[in-house]
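Scroll down for the structure; my scribbles are underneath it.
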Amino acid sequence: MTPARLTVVSGPTAVGKGTVVKRLSHEHPEIFVSVSVTTRPPRPGEIDGVHYHFIDRATFDDLRAEGGLLEWAEVHGNLYGTPIDQVRGILAAGRDAIL
């Protein structure tokens, strides 16, 4: 059995990361798409738990302090991060994941 793979798509804002991930997930629905946490408010049309997990700064800080984020960054005064438990769980189940 091939081990599960973690793929990271990165780039500057508005470069098309979301478009690439959307196409990959459409063509390969078996791939888990990680949902990041953020402290920014939702934009029109964004759904909590689908586009991001929208949390307050205190919750984000607690998650970060507990080692609960695989990675995190501050962008334009807002915090973004990848919850480590969701990624570990998916990979442990043998599924590929994309961030």
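Chain labels run A, B, ... following the order of the structure tokens; each chain numbers its residues from 1, and ligands are numbered from 1 in the order shown.
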### Message
At a cut-off of 12 Å, using only C-alpha atoms, what residues contact Ile90 of chain A? Leave out same-chain residues fewer than 3 positions from it and give the result as a VMD selection string.
### Response
chain A and resid 3 to 6 30 to 34 83 to 87 93 to 98
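The list of residues with at least one atom within 9 Å of segment 40-45 of chain A, based on only C-alpha atoms and without residues fewer than 4 positions apart in the same chain, reads His51, Tyr52, Phe54, Ile55, Asp56, Arg57, Gly77, Asn78, Leu79 and Tyr80 of chain A.
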#### Entry: Length of the atom CA of Asp48 of chain A to atom CA of Val35 of chain A vector [Å]
9.5 Å
### Message
Need the shell around Gly68 of chain A: protein/DNA/RNA residues with any atom at most 12 Å away, counting only C-alpha atoms. Skip same-chain ones fewer than 4 positions apart. Format as a PyMOL selection string?
### Response
chain A and resi 36-37+59-64+72+81-88
With N, CA, C and O atoms retained, could you export that selection as a PDB file, in the first residue's frame?
ATOM      1  N   SER A  36      -8.648  25.610   6.385  1.00  0.00           N
ATOM      2  CA  SER A  36      -7.865  26.414   7.321  1.00  0.00           C
ATOM      3  C   SER A  36      -8.746  27.156   8.304  1.00  0.00           C
ATOM      4  O   SER A  36      -9.935  27.369   8.059  1.00  0.00           O
ATOM      5  N   VAL A  37      -8.131  27.572   9.407  1.00  0.00           N
ATOM      6  CA  VAL A  37      -8.791  28.473  10.346  1.00  0.00           C
ATOM      7  C   VAL A  37      -8.309  29.888  10.048  1.00  0.00           C
ATOM      8  O   VAL A  37      -7.200  30.083   9.559  1.00  0.00           O
ATOM      9  N   THR A  59      -9.128  32.237  20.394  1.00  0.00           N
ATOM     10  CA  THR A  59      -9.184  30.815  20.059  1.00  0.00           C
ATOM     11  C   THR A  59      -7.995  30.423  19.196  1.00  0.00           C
ATOM     12  O   THR A  59      -7.375  29.381  19.399  1.00  0.00           O
ATOM     13  N   PHE A  60      -7.650  31.281  18.244  1.00  0.00           N
ATOM     14  CA  PHE A  60      -6.491  31.024  17.384  1.00  0.00           C
ATOM     15  C   PHE A  60      -5.227  30.963  18.231  1.00  0.00           C
ATOM     16  O   PHE A  60      -4.409  30.043  18.081  1.00  0.00           O
ATOM     17  N   ASP A  61      -5.052  31.934  19.122  1.00  0.00           N
ATOM     18  CA  ASP A  61      -3.864  31.973  19.974  1.00  0.00           C
ATOM     19  C   ASP A  61      -3.765  30.725  20.844  1.00  0.00           C
ATOM     20  O   ASP A  61      -2.673  30.174  21.030  1.00  0.00           O
ATOM     21  N   ASP A  62      -4.898  30.265  21.374  1.00  0.00           N
ATOM     22  CA  ASP A  62      -4.907  29.036  22.179  1.00  0.00           C
ATOM     23  C   ASP A  62      -4.491  27.835  21.334  1.00  0.00           C
ATOM     24  O   ASP A  62      -3.683  27.004  21.766  1.00  0.00           O
ATOM     25  N   LEU A  63      -5.044  27.748  20.137  1.00  0.00           N
ATOM     26  CA  LEU A  63      -4.722  26.638  19.235  1.00  0.00           C
ATOM     27  C   LEU A  63      -3.229  26.635  18.905  1.00  0.00           C
ATOM     28  O   LEU A  63      -2.571  25.588  18.943  1.00  0.00           O
ATOM     29  N   ARG A  64      -2.701  27.803  18.625  1.00  0.00           N
ATOM     30  CA  ARG A  64      -1.276  27.930  18.303  1.00  0.00           C
ATOM     31  C   ARG A  64      -0.408  27.566  19.510  1.00  0.00           C
ATOM     32  O   ARG A  64       0.558  26.812  19.379  1.00  0.00           O
ATOM     33  N   TRP A  72       1.132  28.396  10.356  1.00  0.00           N
ATOM     34  CA  TRP A  72       0.274  29.570  10.487  1.00  0.00           C
ATOM     35  C   TRP A  72       1.012  30.799   9.966  1.00  0.00           C
ATOM     36  O   TRP A  72       2.240  30.795   9.843  1.00  0.00           O
ATOM     37  N   GLY A  81      -4.255  29.522   9.601  1.00  0.00           N
ATOM     38  CA  GLY A  81      -3.481  28.356   9.980  1.00  0.00           C
ATOM     39  C   GLY A  81      -4.174  27.064   9.585  1.00  0.00           C
ATOM     40  O   GLY A  81      -5.368  27.037   9.288  1.00  0.00           O
ATOM     41  N   THR A  82      -3.389  25.990   9.613  1.00  0.00           N
ATOM     42  CA  THR A  82      -3.891  24.659   9.276  1.00  0.00           C
ATOM     43  C   THR A  82      -3.963  23.817  10.539  1.00  0.00           C
ATOM     44  O   THR A  82      -2.925  23.548  11.147  1.00  0.00           O
ATOM     45  N   PRO A  83      -5.168  23.408  10.950  1.00  0.00           N
ATOM     46  CA  PRO A  83      -5.291  22.548  12.127  1.00  0.00           C
ATOM     47  C   PRO A  83      -4.586  21.204  11.902  1.00  0.00           C
ATOM     48  O   PRO A  83      -4.865  20.499  10.926  1.00  0.00           O
ATOM     49  N   ILE A  84      -3.665  20.878  12.780  1.00  0.00           N
ATOM     50  CA  ILE A  84      -2.847  19.682  12.601  1.00  0.00           C
ATOM     51  C   ILE A  84      -3.649  18.398  12.758  1.00  0.00           C
ATOM     52  O   ILE A  84      -3.392  17.412  12.067  1.00  0.00           O
ATOM     53  N   ASP A  85      -4.647  18.393  13.641  1.00  0.00           N
ATOM     54  CA  ASP A  85      -5.406  17.161  13.878  1.00  0.00           C
ATOM     55  C   ASP A  85      -6.143  16.675  12.640  1.00  0.00           C
ATOM     56  O   ASP A  85      -6.199  15.474  12.383  1.00  0.00           O
ATOM     57  N   GLN A  86      -6.728  17.612  11.864  1.00  0.00           N
ATOM     58  CA  GLN A  86      -7.454  17.169  10.675  1.00  0.00           C
ATOM     59  C   GLN A  86      -6.501  16.549   9.657  1.00  0.00           C
ATOM     60  O   GLN A  86      -6.822  15.538   9.038  1.00  0.00           O
ATOM     61  N   VAL A  87      -5.312  17.103   9.514  1.00  0.00           N
ATOM     62  CA  VAL A  87      -4.350  16.569   8.545  1.00  0.00           C
ATOM     63  C   VAL A  87      -3.824  15.213   9.015  1.00  0.00           C
ATOM     64  O   VAL A  87      -3.777  14.255   8.240  1.00  0.00           O
ATOM     65  N   ARG A  88      -3.454  15.110  10.273  1.00  0.00           N
ATOM     66  CA  ARG A  88      -2.960  13.826  10.805  1.00  0.00           C
ATOM     67  C   ARG A  88      -4.015  12.729  10.658  1.00  0.00           C
ATOM     68  O   ARG A  88      -3.703  11.601  10.288  1.00  0.00           O
TER      69      ARG A  88
END
### Message
To test your reading of the structure, identify every residue in chain A that backbone DSSP assigns to strand (DSSP E), and report it as JSON, numbers by chain.
### Response
{"A": [6, 7, 32, 33, 37, 38, 53, 54, 69, 70, 71, 72, 73, 74, 75, 78, 79, 80, 81, 82, 83, 97, 98]}
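Within 10 Å of segment 10-16 of chain A there are Lys22, Val75 and Leu99 of chain A, counting only C-alpha atoms and ignoring same-chain residues fewer than 6 positions away.
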Those same residues - N, CA and C atoms - I'd like them written as a JSON list (two decimals), in the first residue's frame.
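So result_24.json came out as:
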[["chain", "number", "residue", "atom", "x", "y", "z"],
["A", 22, "LYS", "N", -9.56, 23.61, -6.49],
["A", 22, "LYS", "CA", -10.94, 23.28, -6.88],
["A", 22, "LYS", "C", -10.94, 22.29, -8.03],
["A", 75, "VAL", "N", -1.51, 37.63, 7.78],
["A", 75, "VAL", "CA", -1.62, 38.29, 6.48],
["A", 75, "VAL", "C", -2.59, 39.46, 6.62],
["A", 99, "LEU", "N", -3.23, 20.99, 0.95],
["A", 99, "LEU", "CA", -3.35, 22.26, 1.68],
["A", 99, "LEU", "C", -3.24, 23.39, 0.69]]
### Task
Please report, as number ranges by chain, each residue of chain A to which DSSP assigns alpha helix (DSSP H) when run on this structure's backbone.
A: 17-27, 57-65, 84-92
### Query
Can you tell me how far atom CA of Val21 of chain A sits from atom CA of Val9 of chain A, in Å to one decimal?
7.8 Å
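Reported to one decimal place, the separation of atom CA of Glu74 of chain A from atom CA of Glu46 of chain A is 19.8 Å.
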### Message
Restricting the calculation to only C-alpha atoms: of A:Thr39, A:Ser25, A:Thr2, A:Thr7, which residue gets closest to His53 of chain A?
### Response
A:Thr39
